[in-house]
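Accompanying notes for the structure given below.
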Amino acid sequence: MKQTFLLITFLICLVPTILRAQIKVSADKKYLTTKDGKPFFWLGDTDWELFHRLTREEAEQLLDIRKQQGFNVIQAVALAEFNGVREPNRYGDTPLLNNDPTKLAITPGSDPNNTEQYDYWDNVDFVIKKAAEKGLYIGLLPTWGDKVTPKWGDGPVIFNPENAEAYATTLANRYKNQWNIIWILGGDRPAKYKSDREGEMKDYDQVPVWRAMAKGIESVMGKEVFITYHPSGGPNSTSQQIHQEDWLDMNAFQSGHGSREAKAWDYVTRDLALTPKKPTLDMEPCYEDHPVNPWDGKWTRARGYFTAYDVRARIYRGVFAGAGGVTYGHHSIWQFLNPKLYKTINVGDTLVTWQQAMKAPAAGQMQFLKNLMLSRPYSSRVMDQSLIVSDKGNTYVDIITATRDEQGAYALVYLPQNKPVTVDLAKISGKEKAVWWYDPRTGNATKGKNVSTTGNQRFTPPTTGKDWVLVIDDASKKFKMPGKL
């Protein structure tokens, strides 16, 4: 009886830890793991307006499909970008009283069939809990950056350090027992910037607000809570502005939608070279079906849209450079494009509804990258361009990126163009090397001929398909087929 009592007491004490389970940074500070130490490859989806623009049924439909497609982080914003504190959600509710972040608009009860009971935050709760049921994390942004950063976006600017801490504390208390919350501050805004929008150049420093928000979360969740930040687009990541903040556990950048030329792999290399070491990833690469740079007024169909290939070519090379994962996005999904209800944002000459966009090609292909990375020893991988002894390429069009196990157990080489590549096999352990060609469009692997040389070897990809991944294993390791877990 005494042993039973002790076991029950132990389990009761363990429950809060289980409920608070999150991801964390690996011991070597390069990648992410689950709380129990298993490799965690961040495969996010940008669903910014999820709480604001979808019904319960629509939200669950999205979660179901994203789960099927292998995503594990659903990124959504509590106070959404587009008039998110003034325009009601689909149930007629707004999140705050009088735009005051210290006063959530909460009503007694949570019955979705009772409009007097079911409030904005009940709907947020529903989505978070449904995601948890499906094994999905919610990358929760407490607010979009326009509620913090003056003169940039719809706003209104409602935060200062004092109410930011109070608001974040309230949210952390509300969700402290949800295992599937990942905290993301920022929201498409730099923490510091210059602006001449008022006729003179002014410096804006919003770090005190974000620091206060992090403090509020940590006051409830403890210092071990995982917090990152979603910055604005361009080459500058969090590493240039807030890398030294002790609450920032992972850097992030947004290679964005302004051009095909963005070299996400270089941003990764830059971030990983900093001290103290922190993981990094591209939290907003080019969205599938987003018009390429629609903001200069010169967009034409000739400039075009980002295709599934564009998405793959940027994402694979960023991950092979050492990123701890990536966040995919579709231009119709993040805004939940629905012309009958909302103004369409930055659309070229073709409308794709969010329901159609859920099955876009790259959306289904991202899981193949995650599966590939997890099918080989994960935490020991390093970028190694010296593997490639033939032409490595010069621009975003043809730059080849290689990664390998530190001990040489395997190597992965991403070829953005269907051209032969010569690899230094001395970098890979074992007398015999197993060769595979991995198709990033299908997740299928084709077995090549094993080779025994320790010198340079030329490999030619299959004739079909524009991009390929060359996988070379130490045959003695007897790894599974690439992509098979």
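Chain labels run A, B, ... following the order of the structure tokens; each chain numbers its residues from 1, and ligands are numbered from 1 in the order shown.
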
Write down as a PyMOL selection string the residues belonging to range 182-348 of chain A that are assigned alpha helix (DSSP H) by DSSP computed on the backbone.
chain A and resi 207-221+264-272+308-320+331-334

Got a sec to tell me which of range 14-193 of chain A DSSP assigns to strand (DSSP E), as a VMD selection string?
chain A and resid 23 to 25 32 to 34 42 to 46 73 to 77 96 to 97 100 to 104 137 to 141 181 to 186 192 to 193

Surrounding residues of range 454-462 of chain A excluding itself and chain neighbours under 6 positions, 12 Å, only C-alpha atoms, as a PyMOL selection string:
chain A and resi 386-391+413-433+435-439+445-448+468-472+474

With N, CA and C atoms retained, could you export that selection as a compact mmCIF listing (two decimals), in the first residue's frame?
# COMPACT_ATOMS: atom_id res chain seq x y z
N SER A 386 33.66 21.35 -48.46
CA SER A 386 34.86 20.73 -49.02
C SER A 386 34.57 19.34 -49.57
N LEU A 387 33.38 18.79 -49.25
CA LEU A 387 32.98 17.52 -49.86
C LEU A 387 32.91 17.63 -51.38
N ILE A 388 32.54 18.82 -51.86
CA ILE A 388 32.30 19.03 -53.29
C ILE A 388 33.60 19.49 -53.93
N VAL A 389 34.13 18.69 -54.81
CA VAL A 389 35.40 19.04 -55.45
C VAL A 389 35.20 19.51 -56.90
N SER A 390 34.00 19.35 -57.42
CA SER A 390 33.67 19.94 -58.72
C SER A 390 33.13 21.35 -58.48
N ASP A 391 32.63 22.00 -59.52
CA ASP A 391 32.13 23.36 -59.40
C ASP A 391 30.99 23.42 -58.38
N VAL A 413 24.13 15.78 -50.24
CA VAL A 413 24.49 16.87 -51.15
C VAL A 413 23.24 17.29 -51.91
N TYR A 414 22.86 18.57 -51.78
CA TYR A 414 21.68 19.07 -52.51
C TYR A 414 22.12 19.69 -53.82
N LEU A 415 21.55 19.19 -54.91
CA LEU A 415 21.84 19.69 -56.26
C LEU A 415 20.64 20.47 -56.76
N PRO A 416 20.73 21.81 -56.83
CA PRO A 416 19.59 22.59 -57.31
C PRO A 416 19.37 22.46 -58.82
N GLN A 417 20.40 21.99 -59.53
CA GLN A 417 20.31 21.75 -60.96
C GLN A 417 20.67 20.29 -61.24
N ASN A 418 20.04 19.73 -62.22
CA ASN A 418 20.28 18.33 -62.56
C ASN A 418 21.57 18.20 -63.36
N LYS A 419 22.68 18.25 -62.61
CA LYS A 419 24.00 18.15 -63.23
C LYS A 419 24.90 17.25 -62.38
N PRO A 420 25.88 16.62 -62.99
CA PRO A 420 26.79 15.75 -62.23
C PRO A 420 27.55 16.54 -61.17
N VAL A 421 27.99 15.84 -60.14
CA VAL A 421 28.78 16.45 -59.08
C VAL A 421 29.89 15.47 -58.70
N THR A 422 31.04 16.00 -58.36
CA THR A 422 32.16 15.16 -57.93
C THR A 422 32.38 15.38 -56.44
N VAL A 423 32.46 14.27 -55.68
CA VAL A 423 32.52 14.32 -54.22
C VAL A 423 33.79 13.66 -53.73
N ASP A 424 34.37 14.24 -52.68
CA ASP A 424 35.56 13.67 -52.04
C ASP A 424 35.11 12.60 -51.05
N LEU A 425 35.22 11.34 -51.44
CA LEU A 425 34.74 10.23 -50.61
C LEU A 425 35.64 9.96 -49.41
N ALA A 426 36.80 10.57 -49.36
CA ALA A 426 37.66 10.42 -48.18
C ALA A 426 37.01 11.04 -46.95
N LYS A 427 36.04 11.89 -47.16
CA LYS A 427 35.33 12.54 -46.05
C LYS A 427 34.30 11.61 -45.41
N ILE A 428 34.07 10.46 -46.03
CA ILE A 428 33.05 9.53 -45.55
C ILE A 428 33.75 8.26 -45.09
N SER A 429 33.39 7.80 -43.90
CA SER A 429 34.06 6.64 -43.31
C SER A 429 33.66 5.34 -44.02
N GLY A 430 34.40 4.28 -43.74
CA GLY A 430 34.08 2.97 -44.28
C GLY A 430 34.76 2.70 -45.61
N LYS A 431 35.04 1.43 -45.86
CA LYS A 431 35.67 1.05 -47.12
C LYS A 431 34.68 1.09 -48.28
N GLU A 432 33.43 0.78 -47.96
CA GLU A 432 32.40 0.75 -49.02
C GLU A 432 31.35 1.82 -48.73
N LYS A 433 30.94 2.52 -49.78
CA LYS A 433 29.95 3.58 -49.63
C LYS A 433 28.66 3.17 -50.35
N VAL A 435 25.23 4.35 -52.02
CA VAL A 435 24.83 5.57 -52.75
C VAL A 435 23.33 5.53 -53.02
N TRP A 436 22.69 6.67 -52.79
CA TRP A 436 21.26 6.82 -53.05
C TRP A 436 21.00 8.16 -53.73
N TRP A 437 19.94 8.19 -54.53
CA TRP A 437 19.41 9.45 -55.04
C TRP A 437 18.03 9.66 -54.43
N TYR A 438 17.91 10.77 -53.70
CA TYR A 438 16.67 11.07 -52.97
C TYR A 438 15.91 12.16 -53.72
N ASP A 439 14.65 11.87 -54.02
CA ASP A 439 13.82 12.78 -54.80
C ASP A 439 13.05 13.70 -53.84
N ALA A 445 13.58 7.17 -52.67
CA ALA A 445 15.02 7.03 -52.83
C ALA A 445 15.33 5.92 -53.83
N THR A 446 16.23 6.20 -54.75
CA THR A 446 16.66 5.22 -55.74
C THR A 446 18.08 4.77 -55.42
N LYS A 447 18.27 3.46 -55.32
CA LYS A 447 19.58 2.94 -54.96
C LYS A 447 20.55 3.05 -56.13
N GLY A 448 21.72 3.62 -55.82
CA GLY A 448 22.79 3.65 -56.81
C GLY A 448 23.75 2.51 -56.59
N TRP A 468 17.89 17.34 -56.93
CA TRP A 468 18.07 16.02 -56.32
C TRP A 468 18.93 16.13 -55.07
N VAL A 469 18.83 15.12 -54.22
CA VAL A 469 19.75 14.99 -53.08
C VAL A 469 20.55 13.71 -53.27
N LEU A 470 21.87 13.85 -53.29
CA LEU A 470 22.77 12.71 -53.31
C LEU A 470 23.04 12.29 -51.87
N VAL A 471 22.77 11.04 -51.56
CA VAL A 471 23.01 10.50 -50.21
C VAL A 471 24.11 9.45 -50.31
N ILE A 472 25.17 9.63 -49.54
CA ILE A 472 26.28 8.67 -49.52
C ILE A 472 26.48 8.22 -48.08
N ASP A 474 28.26 5.43 -45.19
CA ASP A 474 29.19 4.36 -44.85
C ASP A 474 28.36 3.08 -44.84

Produce a table with one row for each residue of range 357-448 of chain A that has an atom at most 12 Å from any atom of range 67-81 of chain A, each row naming the nearest atom pair and its distance in Å at one decimal; use only C-alpha atoms; arrange rows by chain and rising residue number; format as a Markdown table.
| residue | atom | partner | partner_atom | distance |
| --- | --- | --- | --- | --- |
| A:Met358 | CA | A:Gln69 | CA | 9.6 |
| A:Lys359 | CA | A:Gln69 | CA | 9.2 |
| A:Ala360 | CA | A:Gln69 | CA | 10.9 |
| A:Pro361 | CA | A:Gln69 | CA | 10.8 |
| A:Ala362 | CA | A:Gln69 | CA | 10.1 |
| A:Ala363 | CA | A:Gln69 | CA | 7.1 |
| A:Gly364 | CA | A:Gln69 | CA | 5.4 |
| A:Gln365 | CA | A:Gln69 | CA | 7.9 |
| A:Met366 | CA | A:Gly70 | CA | 7.6 |
| A:Gln367 | CA | A:Gly70 | CA | 4.9 |
| A:Phe368 | CA | A:Gly70 | CA | 8.5 |
| A:Leu369 | CA | A:Gly70 | CA | 9.9 |
| A:Lys370 | CA | A:Gly70 | CA | 8.0 |
| A:Asn371 | CA | A:Gly70 | CA | 8.8 |

Take the residues from that selection and write them out as a PDB file, in the first residue's frame, keeping C-alpha atoms.
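And here is the file that came out, result-v8.pdb:
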ATOM      1  CA  MET A 358      -3.626  23.385 -48.471  1.00  0.00           C
ATOM      2  CA  LYS A 359      -2.786  20.822 -51.151  1.00  0.00           C
ATOM      3  CA  ALA A 360      -0.153  22.909 -52.954  1.00  0.00           C
ATOM      4  CA  PRO A 361       2.820  20.818 -54.159  1.00  0.00           C
ATOM      5  CA  ALA A 362       5.492  22.097 -51.764  1.00  0.00           C
ATOM      6  CA  ALA A 363       3.134  21.777 -48.790  1.00  0.00           C
ATOM      7  CA  GLY A 364       3.153  18.032 -49.305  1.00  0.00           C
ATOM      8  CA  GLN A 365       6.863  17.896 -50.085  1.00  0.00           C
ATOM      9  CA  MET A 366       8.221  19.496 -46.913  1.00  0.00           C
ATOM     10  CA  GLN A 367       7.774  16.299 -44.905  1.00  0.00           C
ATOM     11  CA  PHE A 368      10.292  14.602 -47.197  1.00  0.00           C
ATOM     12  CA  LEU A 369      12.994  17.000 -46.007  1.00  0.00           C
ATOM     13  CA  LYS A 370      12.145  16.367 -42.352  1.00  0.00           C
ATOM     14  CA  ASN A 371      12.097  12.605 -42.915  1.00  0.00           C
TER      15      ASN A 371
END

Contacts of Tyr31 in chain A at 6 Å or less, counting only C-alpha atoms, minus same-chain residues fewer than 2 places along, as a PyMOL selection string?
chain A and resi 26+279+324

From the set A:Tyr342, A:Asp271, A:Pro235, A:Phe306, which residue has the shortest atom-to-atom contact distance to Asn89 in chain A, counting only C-alpha atoms?
A:Tyr342

At what distance in Å, to one decimal, does CA of Glu245 in chain A lie from CA of Leu281 in chain A?
17.4 Å

Which residues are close to Val127 in chain A, i.e. within 8 Å by only C-alpha atoms, leaving aside same-chain residues fewer than 2 positions away? Reply as a ChimeraX atom specification.
/A:51,56,59-60,123-125,129-131

Writing out the chosen residues with N, CA and C atoms as an mmCIF file, in the first residue's frame:
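Writing the result to part-v4.cif gives the following:
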data_model
loop_
_atom_site.group_PDB
_atom_site.id
_atom_site.type_symbol
_atom_site.label_atom_id
_atom_site.label_comp_id
_atom_site.auth_asym_id
_atom_site.auth_seq_id
_atom_site.Cartn_x
_atom_site.Cartn_y
_atom_site.Cartn_z
ATOM 1 N N PHE A 51 -6.368 32.198 -35.708
ATOM 2 C CA PHE A 51 -7.323 32.459 -34.630
ATOM 3 C C PHE A 51 -8.350 33.514 -35.020
ATOM 4 N N ARG A 56 -14.129 27.191 -36.049
ATOM 5 C CA ARG A 56 -13.607 25.984 -35.403
ATOM 6 C C ARG A 56 -13.452 24.846 -36.407
ATOM 7 N N ALA A 59 -10.568 25.527 -38.816
ATOM 8 C CA ALA A 59 -9.289 25.370 -38.136
ATOM 9 C C ALA A 59 -8.931 23.892 -37.988
ATOM 10 N N GLU A 60 -9.907 23.088 -37.627
ATOM 11 C CA GLU A 60 -9.623 21.659 -37.460
ATOM 12 C C GLU A 60 -9.304 21.007 -38.806
ATOM 13 N N ASN A 123 -11.971 30.537 -28.304
ATOM 14 C CA ASN A 123 -11.667 30.000 -29.635
ATOM 15 C C ASN A 123 -10.174 29.711 -29.782
ATOM 16 N N VAL A 124 -9.325 30.595 -29.232
ATOM 17 C CA VAL A 124 -7.888 30.328 -29.231
ATOM 18 C C VAL A 124 -7.604 29.039 -28.456
ATOM 19 N N ASP A 125 -8.242 28.897 -27.304
ATOM 20 C CA ASP A 125 -8.071 27.680 -26.494
ATOM 21 C C ASP A 125 -8.429 26.435 -27.303
ATOM 22 N N LYS A 129 -5.853 23.355 -28.133
ATOM 23 C CA LYS A 129 -6.126 22.014 -27.607
ATOM 24 C C LYS A 129 -6.321 20.997 -28.732
ATOM 25 N N LYS A 130 -6.965 21.414 -29.819
ATOM 26 C CA LYS A 130 -7.118 20.511 -30.957
ATOM 27 C C LYS A 130 -5.766 20.166 -31.561
ATOM 28 N N ALA A 131 -4.891 21.167 -31.640
ATOM 29 C CA ALA A 131 -3.540 20.911 -32.152
ATOM 30 C C ALA A 131 -2.829 19.901 -31.260
#

Compare A:Glu261, A:Asp146, A:Thr170, A:Gly297 by their minimum atom-to-atom distance to Pro231 in chain A, counting only C-alpha atoms, and give me the closest one.
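So, comparing all the options, the nearest one is A:Asp146.
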
What gap, in Å, lies between CA of Gly465 in chain A and CA of Pro440 in chain A?
9.2 Å

When you count only C-alpha atoms, which of these residues is closest to His243 in chain A: A:Gly258, A:Gly37, A:Pro276, A:Gly135?
A:Pro276

Shell of 7 Å around Cys286 in chain A, only C-alpha atoms, local chain residues under 2 positions omitted, as a list in words:
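Here the qualifying residues turn out to be Ser255, Gly256, His257, Glu284, Glu288, Phe306 and Val311 of chain A.
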
Okay, now the selection with C-alpha atoms, as a PDB file, in the first residue's frame?
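New file result35.pdb:
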ATOM      1  CA  SER A 255      14.630  35.282 -46.186  1.00  0.00           C
ATOM      2  CA  GLY A 256      11.283  36.424 -47.512  1.00  0.00           C
ATOM      3  CA  HIS A 257       9.510  37.112 -50.765  1.00  0.00           C
ATOM      4  CA  GLU A 284       9.726  32.760 -43.299  1.00  0.00           C
ATOM      5  CA  GLU A 288       4.684  29.150 -52.347  1.00  0.00           C
ATOM      6  CA  PHE A 306       7.570  31.461 -56.156  1.00  0.00           C
ATOM      7  CA  VAL A 311      10.725  26.832 -52.048  1.00  0.00           C
TER       8      VAL A 311
END
